[in-house]
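What follows is a set of notes on a single structure, which appears directly below.
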Amino acid sequence: MLELQLYNSLTRKKELFVPLDSDHVRIYACGPTVYSYAHIGNARMAVVFDLLSRMLRKIYPKVTYVSNITDVDDKIIEASQKTGEPIKTITEKYTRIYNEDMSALGVNLPDIQSKATEHIGEMIVLIEALIKRGHAYESDGHVLFNVPSFPAYGGLSGRSRDEQIAGARVEIASYKKDPADFVLWKPSSDNEPGWNSPWDVNNGRGRPGWHIECSAMAEKHLGLPFDIHGGGVDLKFPHHENEIAQSCCAHGELNDLASFSKYWVHNGFLTVNGEKMSKSLGNFLLVHDLIKQIPGEALRLTLLSAHYRQPLDWSEDKVSQSKRMLDRFYHRLNQMNDMVSEKTDVPDAVYSALLDDLNTPKAIAALNSLLKTQNSPELKGQLLAAGELLGLLQEKPKEWLGYETNIDIDVDIALIETLLQERKKARSNKDFVRSDEIRDELLTQGIEIEDTKDGAKWRKVN
RNA sequence: GGCACGGUGGCAGAGAGGCUAUGCAACGGAUUGCAACUCCGUGUACACCGGUUCGACUCCGGUCCGUGCCUCCA
């Protein structure tokens with residue numbers, strides 16, 4: 001197989017990916033709301049779509065990957081009221097931290113990281129088009145999308161309008177014509193962020209509803225239709241469903257759900273020790289914290305260790321497995337340090353696994369199988385090429401394995417050398433008690449001794 | 001309640017109508033003063049019940065169990 005297959009949530013089938021324009025592939029993925037640190041579930045989305053964009057770039061000459069930053073949202077307002085920090089301070093801070101944290105996971109910045117607050121004008125244009133075409137209406141200071149005006153509504157998530165009303169556990173606001181209607185624009189009070197709009201009430205200020213930003217930004221930066229729209233499965237309904245409704249209806253495409261995005265890709269949910277992350281359980285794992293304890297690359301490999309559409313249960317055990325696996329790879333790379341790697345393509349087994357709907361577990365298995373062959377410039381080239389595509393194995397082996405410690409000098413190299421000398425002497429005198437004492441002492445400091453043919457070496461562990 | 005997705009060896013996790021997944025752990029061996037590191041080798045699986053088939057863990061139906069969505073959520 002030489003072509004990319006992707007599971008398309010819209011058709012519920014694995015399909016051959018055929019770009020709308022093979023000279024320019026366009027992809028959009030829903031990014032974070034910046035009011036706090038990103039958790040490991042956010043990271044899964046970022047890593048999955050980072051990998052997808054890497055694959056697309058390998059295949060096609062030009063790829064534009066857009067991912068948004070939601071910087072206007074009720075949760076941000078709440079955070080601001082709680083901490084007293086201005087909204088802009090909060091959103092800028094967490095955008096910066098998000099990008100730093102994702103970078104630690106080997107995630108490249110998207111080509112365009114669009115911010116909601118910079119696209120209010122485009123949102124207003126879209127909402128006006130919806131009103132004009134009879135898909136939206138003003139009510140009590142709000143502008144709402146009228147779901148019954150779009151008979152195809154629900155096509156992505158596969159639930160009819162009746163079904164969701166039947167199951168709805170929310171109170172239905174009185175200003176809605178239909179219980180399924182959702183907000184496009186809402187009024188802002190004086191202490192909430194707001195922009196002038198054609199639907200001014202309450203001193204003339206309002207702010208967008210959640211869904212409209214993605215419709216507006218995807219259209220602006222990618223044009224319609226574009227190739228791939230992605231995000232977590234939990235966004236399928238209602239967020240993505242609503243995006244489709246807004247974008248299709250604004251352009252009169254009532255019968256073609258794919259007139260917005262041709263393919264829809266959803267990554268599975270992440271649980272922690274079998275449970276959903278939630279504030280009440282206190283099991284929110286923040287990337288910001290994890291990267292202090294574990295190399296980002298081990299986290300990335302853990303996220304890629306299950307297929308992207310499968311649920312992934314996060315556990316320390318899984319992370320340490322990933323770390324061990326990387327140790328093995330780096331060990332082999334270290335053995336080949338002096339070899340000039342041969343320039344090679346990504347090995348077929350790895351590449352074809354990824355072409356098959358990003359089957360990363362299979363790709364990783366193939367990568368492991370490469371280790372069965374002997375060290376050679378070719379092997380080194382293959383490992384590095386496959387690693388580059390996956391966003392792995394790009395560190396210096398000596399540093400990864402701890403043979404070279406960079407700046408973090410909680411290690412007294414002179415002392416270690418002295419102790420190693422003493423141990424050498426003790427061993428030659430068969431004073432194994434002292435020799436083992438030194439070994440244990442160094443180990444408590446995180447220094448592991450390796451006895452080799454060329455004498456003792458040491459490396460920093462953990 | 002509705003919709004959807006799963007149940008694979010000790011654990012994680014792919015796959016496939018008949019052909020070794022892979023990793024971690026475990027065990028055996030090499031190496032070592034003993035270890036660690038490293039290397040070599042080994043084992044165990046496909047929830048349950050029917051059906052289709054020459055043959056199913058893989059296809060179909062049912063049962064049981066688990067998870068997610070239906071409300072903010074990656």
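Labeling convention for the structure tokens: chains A, B, ... as they appear, residues from 1 per chain, ligands from 1 in order of appearance.
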Select from region 14-175 of chain A everything DSSP, run on the backbone, classes as helix (DSSP H, G or I), then give the selection as a PyMOL selection string.
chain A and resi 40-59+74-83+87-104+116-132+147-149+161-167
Using only C-alpha atoms (C1' of nucleotides), determine which residues of chain B fall within 12 Å of chain A; present them as a PyMOL selection string.
chain B and resi 1-6+11-15+20-25+31-40+66-74
Near region 53-64 of chain B, counting only C-alpha atoms (C1' of nucleotides), which residues have an atom at most 10 Å away, once you skip same-chain residues fewer than 3 positions from it, shown as a ChimeraX atom specification?
/B:8,15-18,45-50
Can you spit out the residues from that selection as a PDB file, in the first residue's frame, using C-alpha atoms (C1' of nucleotides)?
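The file below, part.pdb, is the result:
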ATOM      1  C1'   U B   8      -6.397 -10.982  22.453  1.00  0.00           C
ATOM      2  C1'   G B  15      -3.285  -8.206  13.309  1.00  0.00           C
ATOM      3  C1'   A B  16      -5.574 -11.837  10.501  1.00  0.00           C
ATOM      4  C1'   G B  17     -10.653 -17.061   7.584  1.00  0.00           C
ATOM      5  C1'   G B  18      -5.644 -21.717   7.524  1.00  0.00           C
ATOM      6  C1'   A B  45      -3.823 -15.786  23.999  1.00  0.00           C
ATOM      7  C1'   C B  46      -7.806 -14.481  21.328  1.00  0.00           C
ATOM      8  C1'   A B  47     -15.097 -13.266  26.951  1.00  0.00           C
ATOM      9  C1'   C B  48     -19.333 -16.898  26.372  1.00  0.00           C
ATOM     10  C1'   C B  49     -23.129 -19.555  23.231  1.00  0.00           C
ATOM     11  C1'   G B  50     -24.895 -20.698  18.528  1.00  0.00           C
TER      12        G B  50
END
One decimal place gives the CA of Lys398 (chain A)-CA of Met339 (chain A) separation as 14.3 Å
Give me the residues near Pro208 (chain A) as a ChimeraX atom specification, where near means some atom within 12 Å (using only C-alpha atoms (C1' of nucleotides)) and where sequence neighbours in that chain fewer than 6 positions away do not count.
/A:70-74,116-127,142-144,182-188,192-197,199,214-216
So which residues touch Glu422 (chain A) within 9 Å, counting only C-alpha atoms (C1' of nucleotides), skipping near sequence neighbours fewer than 6 positions away, as a ChimeraX atom specification?
/A:434-435,438
Grab the residues selected above and save them as a short mmCIF file (atom, residue, chain, number, x, y, z; two decimals), in the first residue's frame with N, CA, C and O atoms.
data_model
loop_
_atom_site.label_atom_id
_atom_site.label_comp_id
_atom_site.auth_asym_id
_atom_site.auth_seq_id
_atom_site.Cartn_x
_atom_site.Cartn_y
_atom_site.Cartn_z
N ARG A 434 34.57 -3.08 49.89
CA ARG A 434 34.72 -1.67 49.62
C ARG A 434 34.25 -1.33 48.20
O ARG A 434 33.58 -0.32 47.96
N SER A 435 34.58 -2.21 47.30
CA SER A 435 34.22 -1.99 45.90
C SER A 435 32.69 -1.90 45.73
O SER A 435 32.18 -1.02 45.05
N ILE A 438 31.20 1.33 47.21
CA ILE A 438 31.30 2.49 46.32
C ILE A 438 30.22 2.43 45.26
O ILE A 438 29.57 3.43 44.94
#
Which of region 175-315 of chain A DSSP labels strand (DSSP E), written as a VMD selection string:
chain A and resid 182 to 187 206 to 208 226 to 232 261 to 267 270 to 272 275 to 276 312 to 314
